[in-house]
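What follows is protein-v4.txt (compact mmCIF, C-alpha atoms and all ligand atoms).
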```txt
# COMPACT_ATOMS: atom_id res chain seq x y z
CA MET X 6 -18.83 2.55 20.91
CA SER X 7 -16.40 5.12 19.62
CA LEU X 8 -13.12 3.97 18.08
CA LYS X 9 -10.01 4.30 20.21
CA PRO X 10 -7.13 6.42 18.87
CA LEU X 11 -4.17 4.61 17.34
CA VAL X 12 -1.02 5.17 19.39
CA ILE X 13 2.32 4.41 17.72
CA ASP X 14 4.99 5.33 20.25
CA ASN X 15 4.72 9.13 20.49
CA LEU X 16 2.39 9.47 17.48
CA VAL X 17 -1.37 9.56 18.00
CA ALA X 18 -3.93 9.21 15.21
CA LYS X 19 -7.37 10.23 16.49
CA VAL X 20 -9.00 7.60 14.27
CA PRO X 21 -7.35 4.14 13.93
CA ILE X 22 -7.56 4.12 10.12
CA ILE X 23 -4.51 4.19 7.88
CA GLN X 24 -5.08 4.85 4.19
CA GLY X 25 -3.13 2.27 2.21
CA GLY X 26 -0.47 3.53 -0.18
CA MET X 27 -1.62 3.24 -3.80
CA GLY X 28 0.81 3.52 -6.68
CA ILE X 29 1.12 4.79 -9.30
CA GLY X 30 -0.47 8.17 -8.78
CA ILE X 31 -3.54 7.05 -6.80
CA SER X 32 -2.53 8.08 -3.27
CA LEU X 33 -0.73 11.36 -3.62
CA ALA X 34 -1.02 14.53 -1.51
CA ASN X 35 -4.73 15.21 -2.04
CA LEU X 36 -5.94 11.84 -0.77
CA ALA X 37 -3.30 11.38 1.94
CA GLY X 38 -3.83 14.94 3.20
CA ALA X 39 -7.62 14.52 3.33
CA VAL X 40 -7.39 11.24 5.29
CA SER X 41 -4.96 12.74 7.77
CA ARG X 42 -7.13 15.85 8.20
CA GLU X 43 -9.98 13.57 9.32
CA GLY X 44 -7.75 12.05 12.02
CA GLY X 45 -6.37 8.99 10.18
CA ILE X 46 -2.88 8.47 8.77
CA GLY X 47 -2.44 9.46 5.11
CA ILE X 48 0.04 7.45 3.06
CA LEU X 49 1.79 8.58 -0.13
CA SER X 50 2.98 5.80 -2.43
CA THR X 51 6.53 6.38 -3.64
CA ALA X 52 5.97 4.19 -6.74
CA GLN X 53 6.92 6.61 -9.55
CA ILE X 54 5.61 9.44 -7.34
CA GLY X 55 7.23 11.98 -9.67
CA TYR X 56 5.45 10.88 -12.83
CA GLN X 57 3.94 14.35 -13.29
CA GLU X 58 7.32 16.11 -12.96
CA GLU X 59 8.92 17.52 -16.11
CA LEU X 60 12.14 15.68 -15.28
CA PHE X 61 10.44 12.29 -15.18
CA GLU X 62 11.09 11.05 -18.72
CA LYS X 63 14.77 12.03 -18.49
CA SER X 64 15.44 10.90 -14.93
CA PRO X 65 12.66 9.07 -13.08
CA LEU X 66 14.79 8.69 -9.94
CA ARG X 67 15.53 12.41 -9.64
CA ALA X 68 11.92 13.29 -10.42
CA ASN X 69 10.75 10.88 -7.72
CA MET X 70 13.18 12.34 -5.15
CA LEU X 71 11.85 15.82 -5.92
CA ALA X 72 8.23 14.73 -5.77
CA ILE X 73 8.66 13.00 -2.41
CA GLU X 74 9.29 16.40 -0.84
CA LYS X 75 6.65 18.26 -2.87
CA GLN X 76 3.89 15.75 -2.22
CA PHE X 77 4.78 15.43 1.46
CA LYS X 78 4.71 19.21 2.02
CA LYS X 79 1.41 19.54 0.16
CA ALA X 80 -0.16 16.65 2.09
CA LYS X 81 0.97 18.15 5.42
CA GLU X 82 -0.58 21.48 4.44
CA ILE X 83 -3.91 19.88 3.53
CA ALA X 84 -3.76 17.85 6.76
CA ASN X 85 -3.10 20.87 8.99
CA ASN X 86 0.09 19.04 9.96
CA GLY X 87 -1.62 15.71 10.68
CA LEU X 88 0.20 12.38 10.28
CA ILE X 89 1.61 11.61 6.81
CA GLY X 90 3.77 8.68 5.80
CA PHE X 91 5.02 6.75 2.80
CA ASN X 92 4.56 3.29 1.35
CA ILE X 93 7.82 2.08 -0.19
CA MET X 94 7.94 -1.32 -1.86
CA ALA X 95 10.97 -3.33 -0.74
CA ALA X 96 11.49 -4.50 -4.34
CA THR X 97 12.02 -0.89 -5.50
CA PHE X 98 15.31 -0.23 -7.32
CA HIS X 99 17.37 2.07 -5.02
CA TYR X 100 15.08 1.21 -2.10
CA ASP X 101 17.64 2.68 0.33
CA ARG X 102 17.61 6.06 -1.39
CA TYR X 103 13.82 6.21 -1.30
CA VAL X 104 13.73 5.42 2.43
CA LYS X 105 16.45 7.96 3.25
CA ARG X 106 14.70 10.66 1.22
CA CYS X 107 11.37 10.04 2.99
CA VAL X 108 13.12 10.22 6.37
CA GLU X 109 14.89 13.43 5.29
CA VAL X 110 11.62 15.19 4.40
CA GLY X 111 10.16 14.22 7.80
CA ALA X 112 7.94 11.17 7.16
CA ASP X 113 5.96 10.26 10.26
CA VAL X 114 5.80 6.61 9.22
CA ILE X 115 7.15 4.28 6.54
CA ILE X 116 5.23 1.14 5.60
CA SER X 117 7.11 -1.38 3.50
CA GLY X 118 6.08 -4.62 1.82
CA ALA X 119 6.26 -6.35 -1.59
CA GLY X 120 9.43 -8.13 -0.56
CA LEU X 121 11.18 -8.24 2.80
CA PRO X 122 12.31 -4.80 4.05
CA ILE X 123 15.37 -6.33 5.73
CA THR X 124 17.45 -3.15 5.92
CA LEU X 125 14.67 -0.74 6.92
CA PRO X 126 15.78 -0.29 10.59
CA GLU X 127 19.29 0.83 9.65
CA LEU X 128 17.96 3.21 7.00
CA VAL X 129 15.81 5.15 9.52
CA GLU X 130 18.41 5.03 12.32
CA GLY X 131 18.58 8.26 14.33
CA SER X 132 15.28 9.61 12.98
CA GLN X 133 11.79 10.01 14.44
CA THR X 134 10.20 8.05 11.54
CA LYS X 135 8.23 4.99 12.70
CA ILE X 136 8.49 1.81 10.64
CA ALA X 137 6.10 -1.01 9.79
CA PRO X 138 6.61 -4.09 7.65
CA ILE X 139 3.69 -5.55 5.72
CA VAL X 140 3.27 -9.26 6.49
CA SER X 141 0.75 -11.87 5.35
CA SER X 142 1.57 -14.81 7.63
CA SER X 143 2.86 -15.48 11.13
CA LYS X 144 5.85 -17.26 9.56
CA GLY X 145 6.71 -14.18 7.51
CA ALA X 146 6.31 -11.92 10.57
CA LYS X 147 8.57 -14.17 12.64
CA VAL X 148 11.30 -14.40 9.99
CA LEU X 149 11.44 -10.66 9.43
CA LEU X 150 11.24 -9.57 13.07
CA ASN X 151 13.83 -12.17 14.10
CA THR X 152 16.15 -10.85 11.40
CA TRP X 153 15.67 -7.27 12.63
CA LYS X 154 16.29 -8.42 16.20
CA LYS X 155 19.50 -10.31 15.36
CA ARG X 156 20.93 -7.74 12.96
CA TYR X 157 19.93 -4.51 14.68
CA ASN X 158 18.42 -5.38 18.06
CA LYS X 159 15.39 -3.40 16.82
CA THR X 160 11.76 -4.22 16.22
CA ALA X 161 8.81 -2.77 14.35
CA ASP X 162 6.96 0.30 15.64
CA PHE X 163 3.77 -1.25 14.22
CA VAL X 164 2.91 -4.08 11.83
CA VAL X 165 0.52 -4.13 8.89
CA ILE X 166 -1.05 -7.52 8.18
CA GLU X 167 -2.23 -7.63 4.58
CA GLY X 168 -4.79 -10.33 3.88
CA PRO X 169 -5.79 -12.00 0.60
CA GLU X 170 -8.68 -9.62 -0.19
CA ALA X 171 -6.43 -6.59 -0.69
CA GLY X 172 -5.93 -4.70 -3.94
CA GLY X 173 -2.66 -4.65 -5.84
CA HIS X 174 0.09 -7.21 -5.29
CA LEU X 175 -0.74 -10.03 -2.90
CA GLY X 176 1.55 -11.97 -0.58
CA PHE X 177 -0.21 -15.27 -1.37
CA LYS X 178 -0.13 -17.80 -4.18
CA ALA X 179 -2.96 -17.44 -6.71
CA GLU X 180 -3.87 -21.13 -6.34
CA THR X 181 -4.43 -20.91 -2.58
CA LEU X 182 -6.25 -17.60 -2.39
CA SER X 183 -9.73 -18.90 -1.58
CA LYS X 184 -8.30 -21.13 1.16
CA ASN X 185 -6.28 -18.19 2.48
CA ILE X 186 -9.46 -16.08 2.60
CA GLU X 187 -11.23 -18.77 4.65
CA GLN X 188 -8.31 -19.16 7.05
CA MET X 189 -7.25 -15.52 7.42
CA ASP X 190 -8.91 -14.89 10.80
CA ASP X 191 -6.99 -17.85 12.29
CA GLU X 192 -3.77 -16.54 10.74
CA ILE X 193 -4.41 -13.07 12.22
CA VAL X 194 -4.71 -14.61 15.69
CA LYS X 195 -1.36 -16.40 15.15
CA ILE X 196 0.31 -13.20 13.91
CA VAL X 197 -1.04 -11.30 16.93
CA GLU X 198 0.52 -13.96 19.21
CA THR X 199 3.84 -13.73 17.37
CA ILE X 200 3.92 -9.94 17.65
CA ARG X 201 3.04 -10.10 21.37
CA SER X 202 6.25 -12.09 21.98
CA PHE X 203 8.30 -9.32 20.34
CA GLU X 204 6.41 -6.74 22.45
CA GLU X 205 7.57 -8.62 25.55
CA ASP X 206 11.14 -8.91 24.27
CA PHE X 207 11.42 -5.21 23.56
CA GLY X 208 9.13 -3.90 26.31
CA LYS X 209 7.06 -1.81 23.94
CA ASP X 210 3.66 -1.80 22.28
CA ILE X 211 3.59 -2.87 18.64
CA PRO X 212 0.14 -1.97 17.29
CA ILE X 213 -1.20 -4.33 14.63
CA ILE X 214 -3.13 -3.01 11.66
CA PHE X 215 -5.20 -5.21 9.37
CA ALA X 216 -5.55 -4.49 5.65
CA GLY X 217 -7.47 -6.16 2.85
CA GLY X 218 -11.19 -6.04 2.19
CA VAL X 219 -12.03 -3.72 5.11
CA PHE X 220 -15.08 -1.84 3.91
CA ASP X 221 -17.47 -0.83 6.69
CA ARG X 222 -17.66 -0.33 10.43
CA SER X 223 -18.59 -3.95 11.12
CA ASP X 224 -15.34 -5.02 9.37
CA ILE X 225 -13.37 -2.62 11.56
CA ASP X 226 -15.03 -3.92 14.74
CA HIS X 227 -14.31 -7.49 13.60
CA TYR X 228 -10.55 -6.91 13.24
CA LEU X 229 -10.35 -4.93 16.49
CA ALA X 230 -11.98 -7.90 18.24
CA LEU X 231 -9.27 -10.18 16.81
CA GLY X 232 -6.59 -8.13 18.58
CA CYS X 233 -5.76 -5.45 16.00
CA SER X 234 -5.44 -1.78 16.97
CA GLY X 235 -6.58 -0.40 13.64
CA VAL X 236 -7.14 -1.03 9.94
CA GLN X 237 -5.57 0.01 6.68
CA MET X 238 -8.04 0.76 3.87
CA ALA X 239 -7.29 1.61 0.26
CA THR X 240 -10.04 0.59 -2.19
CA ARG X 241 -12.73 2.40 -0.20
CA PHE X 242 -10.92 5.74 -0.72
CA VAL X 243 -10.47 5.54 -4.50
CA VAL X 244 -13.83 6.89 -5.59
CA THR X 245 -13.69 10.11 -3.57
CA GLU X 246 -13.49 13.74 -4.68
CA GLU X 247 -10.07 13.95 -3.04
CA CYS X 248 -8.43 10.83 -4.51
CA ASP X 249 -5.64 11.69 -6.94
CA ALA X 250 -6.71 9.10 -9.53
CA PRO X 251 -8.14 10.45 -12.81
CA GLU X 252 -11.92 10.32 -13.41
CA ALA X 253 -11.69 7.38 -15.85
CA PHE X 254 -9.99 5.27 -13.16
CA LYS X 255 -12.76 6.08 -10.65
CA THR X 256 -15.43 5.33 -13.28
CA ALA X 257 -13.91 1.88 -13.85
CA TYR X 258 -14.45 1.19 -10.12
CA ILE X 259 -18.07 2.41 -10.24
CA ASN X 260 -18.84 0.27 -13.29
CA ALA X 261 -17.22 -2.91 -11.91
CA GLU X 262 -19.50 -5.79 -10.95
CA GLN X 263 -18.45 -8.57 -8.57
CA GLU X 264 -17.46 -10.89 -11.44
CA ASP X 265 -15.15 -8.18 -12.79
CA ILE X 266 -12.78 -8.37 -9.82
CA THR X 267 -10.04 -10.66 -11.03
CA ILE X 268 -6.59 -12.04 -10.22
CA ILE X 269 -3.75 -11.25 -12.62
CA LYS X 270 -0.13 -12.39 -12.87
CA SER X 271 2.30 -9.59 -12.17
CA PRO X 272 5.84 -9.45 -13.59
CA VAL X 273 6.95 -8.91 -9.98
CA GLY X 274 6.26 -12.62 -9.48
CA MET X 275 3.23 -12.17 -7.27
CA PRO X 276 -0.43 -12.36 -8.13
CA GLY X 277 -2.38 -9.10 -8.07
CA ARG X 278 -6.04 -8.14 -7.76
CA ALA X 279 -7.43 -5.86 -10.44
CA ILE X 280 -10.56 -4.99 -12.41
CA LYS X 281 -11.13 -7.15 -15.48
CA ASN X 282 -10.70 -5.15 -18.69
CA ARG X 283 -9.06 -5.29 -22.15
CA PHE X 284 -5.58 -5.33 -20.56
CA SER X 285 -6.22 -8.11 -18.04
CA GLU X 286 -7.61 -10.24 -20.89
CA ARG X 287 -4.74 -9.38 -23.22
CA ILE X 288 -1.98 -10.46 -20.81
CA LYS X 289 -3.52 -13.91 -20.49
CA HIS X 290 -2.21 -14.87 -23.92
CA GLU X 291 0.15 -12.14 -25.11
CA GLN X 292 3.52 -10.68 -24.13
CA VAL X 293 3.13 -6.88 -24.18
CA PRO X 294 6.22 -5.18 -25.69
CA ILE X 295 8.03 -2.81 -23.31
CA GLU X 296 8.32 0.73 -24.67
CA LYS X 297 10.73 2.12 -22.12
CA CYS X 298 12.42 0.76 -18.99
CA ARG X 299 12.33 3.21 -16.09
CA SER X 300 14.30 0.95 -13.74
CA CYS X 301 11.50 0.65 -11.21
CA LEU X 302 12.47 -2.71 -9.73
CA SER X 303 15.77 -4.12 -8.65
CA TYR X 304 17.26 -6.60 -11.16
CA LYS X 305 16.49 -9.43 -8.77
CA HIS X 306 12.77 -8.72 -9.14
CA CYS X 307 12.56 -8.09 -12.89
CA ASP X 308 13.95 -10.01 -15.82
CA ARG X 309 13.43 -7.60 -18.69
CA GLU X 310 13.74 -10.36 -21.30
CA THR X 311 11.02 -12.62 -20.03
CA ILE X 312 8.43 -10.49 -18.22
CA PRO X 313 4.93 -10.60 -19.77
CA TYR X 314 4.56 -6.79 -19.55
CA CYS X 315 6.14 -3.86 -17.71
CA ILE X 316 4.49 -3.15 -14.35
CA THR X 317 5.47 0.55 -14.33
CA GLU X 318 4.34 1.13 -17.89
CA THR X 319 0.91 -0.39 -17.31
CA LEU X 320 0.35 1.36 -13.95
CA LEU X 321 1.42 4.67 -15.54
CA ASN X 322 -0.96 4.05 -18.43
CA ALA X 323 -3.78 3.58 -15.91
CA VAL X 324 -3.42 7.21 -14.82
CA THR X 325 -2.21 8.87 -18.03
CA LYS X 326 -4.07 6.99 -20.79
CA ASP X 327 -7.26 4.93 -21.20
CA PRO X 328 -7.33 2.75 -18.06
CA ASN X 329 -9.17 0.04 -20.02
CA ASP X 330 -5.84 -0.69 -21.66
CA ALA X 331 -3.96 -0.78 -18.36
CA LEU X 332 -3.90 -2.51 -15.02
CA ILE X 333 -6.51 -1.14 -12.60
CA PHE X 334 -5.60 -2.50 -9.18
CA ALA X 335 -8.56 -2.89 -6.82
CA GLY X 336 -9.50 -4.78 -3.67
CA SER X 337 -12.12 -7.55 -3.57
CA ASN X 338 -14.83 -5.10 -2.46
CA ALA X 339 -14.38 -2.53 -5.24
CA TYR X 340 -17.65 -3.65 -6.88
CA ARG X 341 -19.58 -2.43 -3.80
CA ILE X 342 -18.71 1.18 -4.58
CA LYS X 343 -21.51 2.67 -6.66
CA GLU X 344 -21.01 6.42 -6.37
CA LYS X 345 -18.42 9.05 -5.70
CA THR X 346 -18.21 10.40 -2.16
CA THR X 347 -15.77 12.34 0.01
CA VAL X 348 -13.14 11.27 2.52
CA LYS X 349 -15.04 13.26 5.16
CA ALA X 350 -18.25 11.30 4.48
CA ILE X 351 -16.41 7.95 4.68
CA PHE X 352 -14.85 8.91 8.03
CA ALA X 353 -18.24 10.11 9.33
CA GLU X 354 -19.77 6.75 8.38
CA LEU X 355 -16.93 4.65 9.82
CA THR X 356 -16.64 6.51 13.10
CA THR X 357 -20.37 6.37 13.87
CA ALA X 358 -21.12 3.12 15.64
C1 LIG X 401 -5.03 0.92 -6.72
C2 LIG X 401 -4.20 0.27 -5.66
C3 LIG X 401 -2.83 0.45 -5.67
C4 LIG X 401 -2.03 -0.10 -4.66
N1 LIG X 401 -0.68 0.14 -4.66
C5 LIG X 401 0.09 -0.33 -3.65
C6 LIG X 401 1.49 -0.02 -3.59
O1 LIG X 401 2.01 0.71 -4.43
N2 LIG X 401 2.21 -0.57 -2.58
C7 LIG X 401 1.65 -1.38 -1.62
O2 LIG X 401 2.35 -1.84 -0.71
N3 LIG X 401 0.32 -1.66 -1.63
C8 LIG X 401 -0.46 -1.15 -2.61
N4 LIG X 401 -1.81 -1.42 -2.61
C9 LIG X 401 -2.41 -2.14 -1.45
C10 LIG X 401 -3.03 -1.16 -0.44
O3 LIG X 401 -2.07 -0.31 0.12
C11 LIG X 401 -3.82 -1.85 0.69
O4 LIG X 401 -3.00 -2.45 1.64
C12 LIG X 401 -4.84 -2.85 0.28
O5 LIG X 401 -5.40 -2.55 -0.95
C13 LIG X 401 -5.92 -2.92 1.35
O6 LIG X 401 -7.08 -3.58 0.92
P1 LIG X 401 -8.38 -2.77 0.43
O7 LIG X 401 -7.98 -2.10 -0.83
O8 LIG X 401 -9.39 -3.84 0.27
O9 LIG X 401 -8.74 -1.77 1.50
C14 LIG X 401 -2.63 -0.89 -3.63
C15 LIG X 401 -4.02 -1.08 -3.65
C16 LIG X 401 -4.81 -0.50 -4.63
C17 LIG X 401 -6.30 -0.72 -4.60
```
Just give me the structure as structure tokens.
Amino acid sequence: MSLKPLVIDNLVAKVPIIQGGMGIGISLANLAGAVSREGGIGILSTAQIGYQEELFEKSPLRANMLAIEKQFKKAKEIANNGLIGFNIMAATFHYDRYVKRCVEVGADVIISGAGLPITLPELVEGSQTKIAPIVSSSKGAKVLLNTWKKRYNKTADFVVIEGPEAGGHLGFKAETLSKNIEQMDDEIVKIVETIRSFEEDFGKDIPIIFAGGVFDRSDIDHYLALGCSGVQMATRFVVTEECDAPEAFKTAYINAEQEDITIIKSPVGMPGRAIKNRFSERIKHEQVPIEKCRSCLSYKHCDRETIPYCITETLLNAVTKDPNDALIFAGSNAYRIKEKTTVKAIFAELTTA
């Protein structure tokens, strides 16, 4: 059976696949544009999006504001004007300025997790930009959507559920991850029920998108059967010609075996999933000195005195230096990727039932 388009209010994606935002420097215009051109929704990560700009060392914030527009325009061009959005982490320092800038350049959607995006509705007020929080539990979904309802009388345009098999930061405790993996399908059903009650309240459809470990068509069919309208996939798109990551980063994915996919402690206070390497081993027993603070996180989320390493520095090193000495975020299925392909080929495979 062919996949049904994803309809978010007045936006229609021909294929119900959103490419997950990947910072730093992994999902920029080339990848997001290619995904959108195939009928999905391409997502640019705003995490230090301007790291290649000359201004970056002097003023990361200004460089990022500049790059938001540049990358968005380039992605739209590649996509023949298909749907392009941004992933903005709620813990980002100056979160409000990032959201407003993405709205200003014309973002079709904004997806926001890694913290609660409490103020997101007021920041997009009066624009056409559609918003989605990332949630990992029905409790989390309820708390956030109730807050939006009380404060703004607004709700989400769609919701991304991120499960425990995702890459990058995870919304679960490291100790409970295997239990969370076992129980995720039940949790999805509960989240779907929760969201349905907000659909009734607001008299509108709120499509639900599942992310985390989605790899092939049978995974997609599984989550659609649980009540989702689409999926968000990130890891699967890393080892493509179009992905903005450097070759060494892609090679680390190709060389990873199942036992190399590991859980690390992030200074953000959440666990993260990454590929085991010199860096992931080093941080188990060593505090890595911080060379330069680029004010990536709000003070609430980063205590510069006590953090084991700097998250921006290590994610930047993964795309500018030897990734073996940096954090290589990856989802639980990264080890299944054995060769480089193209976004077109992945879409052809996933849309053929
Ligand atoms: C390399 C990498 C970087 C990521 N960076 C971010 C990020 O900056 N913000 C975010 O919300 N999620 C981030 N994620 C999570 C993805 O957007 C996505 O939701 C998740 O990885 C989906 O699972 P999958 O990779 O198994 O498809 C990242 C994932 C990877 C693999």
> Which one of X:Ile268, X:Leu355, X:Met94, X:Val108 sits closest to Gly44 in chain X if you count only C-alpha atoms?
Replying inline: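 Checking each candidate against Gly44 in chain X, we get X:Leu355 as the closest.
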> Is there a way to get, as a ChimeraX atom specification, all residues within 12 Å of the point (-8.1, -19.4, 6.6) in file coordinates, counting only C-alpha atoms?
Replying inline: /X:141-142,168-170,177,181-195
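Closest approach to Gly274 in chain X from the set X:Glu318, X:Val129, X:Gly120, X:Tyr258 is made by X:Gly120, with distances taken over all atoms listed in the file.
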>> When you count only C-alpha atoms, which of these residues is closest to Lys9 in chain X: X:Thr347, X:Thr356, X:Thr51, X:Asn260?
In response: X:Thr356
>> Show me which residues are within 9 Å of ligand LIG 401 (chain X) counting all atoms listed in the file, and format the list as a VMD selection string.
In response: chain X and resid 24 to 32 48 to 52 92 to 95 116 to 119 139 165 to 175 215 to 220 236 to 243 250 278 to 279 320 333 to 339
Go ahead and dump the residues you just picked, C-alpha atoms, as a PDB file, in the frame of the given file.
```pdb
ATOM      1  CA  GLN X  24      -5.080   4.850   4.190  1.00  0.00           C
ATOM      2  CA  GLY X  25      -3.130   2.270   2.210  1.00  0.00           C
ATOM      3  CA  GLY X  26      -0.470   3.530  -0.180  1.00  0.00           C
ATOM      4  CA  MET X  27      -1.620   3.240  -3.800  1.00  0.00           C
ATOM      5  CA  GLY X  28       0.810   3.520  -6.680  1.00  0.00           C
ATOM      6  CA  ILE X  29       1.120   4.790  -9.300  1.00  0.00           C
ATOM      7  CA  GLY X  30      -0.470   8.170  -8.780  1.00  0.00           C
ATOM      8  CA  ILE X  31      -3.540   7.050  -6.800  1.00  0.00           C
ATOM      9  CA  SER X  32      -2.530   8.080  -3.270  1.00  0.00           C
ATOM     10  CA  ILE X  48       0.040   7.450   3.060  1.00  0.00           C
ATOM     11  CA  LEU X  49       1.790   8.580  -0.130  1.00  0.00           C
ATOM     12  CA  SER X  50       2.980   5.800  -2.430  1.00  0.00           C
ATOM     13  CA  THR X  51       6.530   6.380  -3.640  1.00  0.00           C
ATOM     14  CA  ALA X  52       5.970   4.190  -6.740  1.00  0.00           C
ATOM     15  CA  ASN X  92       4.560   3.290   1.350  1.00  0.00           C
ATOM     16  CA  ILE X  93       7.820   2.080  -0.190  1.00  0.00           C
ATOM     17  CA  MET X  94       7.940  -1.320  -1.860  1.00  0.00           C
ATOM     18  CA  ALA X  95      10.970  -3.330  -0.740  1.00  0.00           C
ATOM     19  CA  ILE X 116       5.230   1.140   5.600  1.00  0.00           C
ATOM     20  CA  SER X 117       7.110  -1.380   3.500  1.00  0.00           C
ATOM     21  CA  GLY X 118       6.080  -4.620   1.820  1.00  0.00           C
ATOM     22  CA  ALA X 119       6.260  -6.350  -1.590  1.00  0.00           C
ATOM     23  CA  ILE X 139       3.690  -5.550   5.720  1.00  0.00           C
ATOM     24  CA  VAL X 165       0.520  -4.130   8.890  1.00  0.00           C
ATOM     25  CA  ILE X 166      -1.050  -7.520   8.180  1.00  0.00           C
ATOM     26  CA  GLU X 167      -2.230  -7.630   4.580  1.00  0.00           C
ATOM     27  CA  GLY X 168      -4.790 -10.330   3.880  1.00  0.00           C
ATOM     28  CA  PRO X 169      -5.790 -12.000   0.600  1.00  0.00           C
ATOM     29  CA  GLU X 170      -8.680  -9.620  -0.190  1.00  0.00           C
ATOM     30  CA  ALA X 171      -6.430  -6.590  -0.690  1.00  0.00           C
ATOM     31  CA  GLY X 172      -5.930  -4.700  -3.940  1.00  0.00           C
ATOM     32  CA  GLY X 173      -2.660  -4.650  -5.840  1.00  0.00           C
ATOM     33  CA  HIS X 174       0.090  -7.210  -5.290  1.00  0.00           C
ATOM     34  CA  LEU X 175      -0.740 -10.030  -2.900  1.00  0.00           C
ATOM     35  CA  PHE X 215      -5.200  -5.210   9.370  1.00  0.00           C
ATOM     36  CA  ALA X 216      -5.550  -4.490   5.650  1.00  0.00           C
ATOM     37  CA  GLY X 217      -7.470  -6.160   2.850  1.00  0.00           C
ATOM     38  CA  GLY X 218     -11.190  -6.040   2.190  1.00  0.00           C
ATOM     39  CA  VAL X 219     -12.030  -3.720   5.110  1.00  0.00           C
ATOM     40  CA  PHE X 220     -15.080  -1.840   3.910  1.00  0.00           C
ATOM     41  CA  VAL X 236      -7.140  -1.030   9.940  1.00  0.00           C
ATOM     42  CA  GLN X 237      -5.570   0.010   6.680  1.00  0.00           C
ATOM     43  CA  MET X 238      -8.040   0.760   3.870  1.00  0.00           C
ATOM     44  CA  ALA X 239      -7.290   1.610   0.260  1.00  0.00           C
ATOM     45  CA  THR X 240     -10.040   0.590  -2.190  1.00  0.00           C
ATOM     46  CA  ARG X 241     -12.730   2.400  -0.200  1.00  0.00           C
ATOM     47  CA  PHE X 242     -10.920   5.740  -0.720  1.00  0.00           C
ATOM     48  CA  VAL X 243     -10.470   5.540  -4.500  1.00  0.00           C
ATOM     49  CA  ALA X 250      -6.710   9.100  -9.530  1.00  0.00           C
ATOM     50  CA  ARG X 278      -6.040  -8.140  -7.760  1.00  0.00           C
ATOM     51  CA  ALA X 279      -7.430  -5.860 -10.440  1.00  0.00           C
ATOM     52  CA  LEU X 320       0.350   1.360 -13.950  1.00  0.00           C
ATOM     53  CA  ILE X 333      -6.510  -1.140 -12.600  1.00  0.00           C
ATOM     54  CA  PHE X 334      -5.600  -2.500  -9.180  1.00  0.00           C
ATOM     55  CA  ALA X 335      -8.560  -2.890  -6.820  1.00  0.00           C
ATOM     56  CA  GLY X 336      -9.500  -4.780  -3.670  1.00  0.00           C
ATOM     57  CA  SER X 337     -12.120  -7.550  -3.570  1.00  0.00           C
ATOM     58  CA  ASN X 338     -14.830  -5.100  -2.460  1.00  0.00           C
ATOM     59  CA  ALA X 339     -14.380  -2.530  -5.240  1.00  0.00           C
TER      60      ALA X 339
END
```
>> Report as an MDAnalysis selection string all protein, DNA and RNA residues lying within 8 Å of Met70 in chain X, evaluated on all atoms listed in the file, omitting residues in the same chain fewer than 3 positions from it.
In response: chainID X and resid 55 66:67 73:74 103 106
Would you save the residues of that selection, restricted to C-alpha atoms, as an mmCIF file, in the frame of the given file?
```
data_model
loop_
_atom_site.group_PDB
_atom_site.id
_atom_site.type_symbol
_atom_site.label_atom_id
_atom_site.label_comp_id
_atom_site.auth_asym_id
_atom_site.auth_seq_id
_atom_site.Cartn_x
_atom_site.Cartn_y
_atom_site.Cartn_z
ATOM 1 C CA GLY X 55 7.230 11.980 -9.670
ATOM 2 C CA LEU X 66 14.790 8.690 -9.940
ATOM 3 C CA ARG X 67 15.530 12.410 -9.640
ATOM 4 C CA ILE X 73 8.660 13.000 -2.410
ATOM 5 C CA GLU X 74 9.290 16.400 -0.840
ATOM 6 C CA TYR X 103 13.820 6.210 -1.300
ATOM 7 C CA ARG X 106 14.700 10.660 1.220
#
```
> Hey, can you check how far CA of Glu310 in chain X sits from CA of Ile288 in chain X?
Replying inline: 15.7 Å
> Of the candidates X:Ile295, X:Pro65, X:Asp113, X:Leu60, which one gets nearest to Phe77 in chain X if we count only C-alpha atoms?
Replying inline: X:Asp113
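With distances restricted to all atoms listed in the file, X:His99 is the closest residue to Ser303 in chain X from X:His99, X:Lys326, X:His227, X:Lys289.
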> Which protein, DNA or RNA residues have an atom at most 8 Å from (-14.1, 11.4, 1.8), counting all atoms listed in the file? List them as a count of residues only.
Replying inline: 13
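For the pair CA of Gln57 in chain X and CA of Ile342 in chain X, the interatomic distance is 27.6 Å.
Among X:Leu125, X:Ala84, X:Ile213, X:Val197, the residue with the shortest atom-to-atom distance to Ser143 in chain X, counting all atoms listed in the file, is X:Val197.
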> Rounded to one decimal in Å, what is the spacing between CA of Thr97 in chain X and CA of Gly38 in chain X?
Replying inline: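 It comes out at 24.0 Å.
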> Hey, what's within 9 Å of Gly235 in chain X if we count only C-alpha atoms and toss same-chain stuff fewer than 4 positions away? As a list in words, please?
Replying inline: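 Non-adjacent residues within range: Lys9, Pro10, Leu11, Val20, Pro21, Ile22, Ile23, Pro212, Ile213, Ile214, Phe215, Ile225, Tyr228 and Leu229 of chain X.
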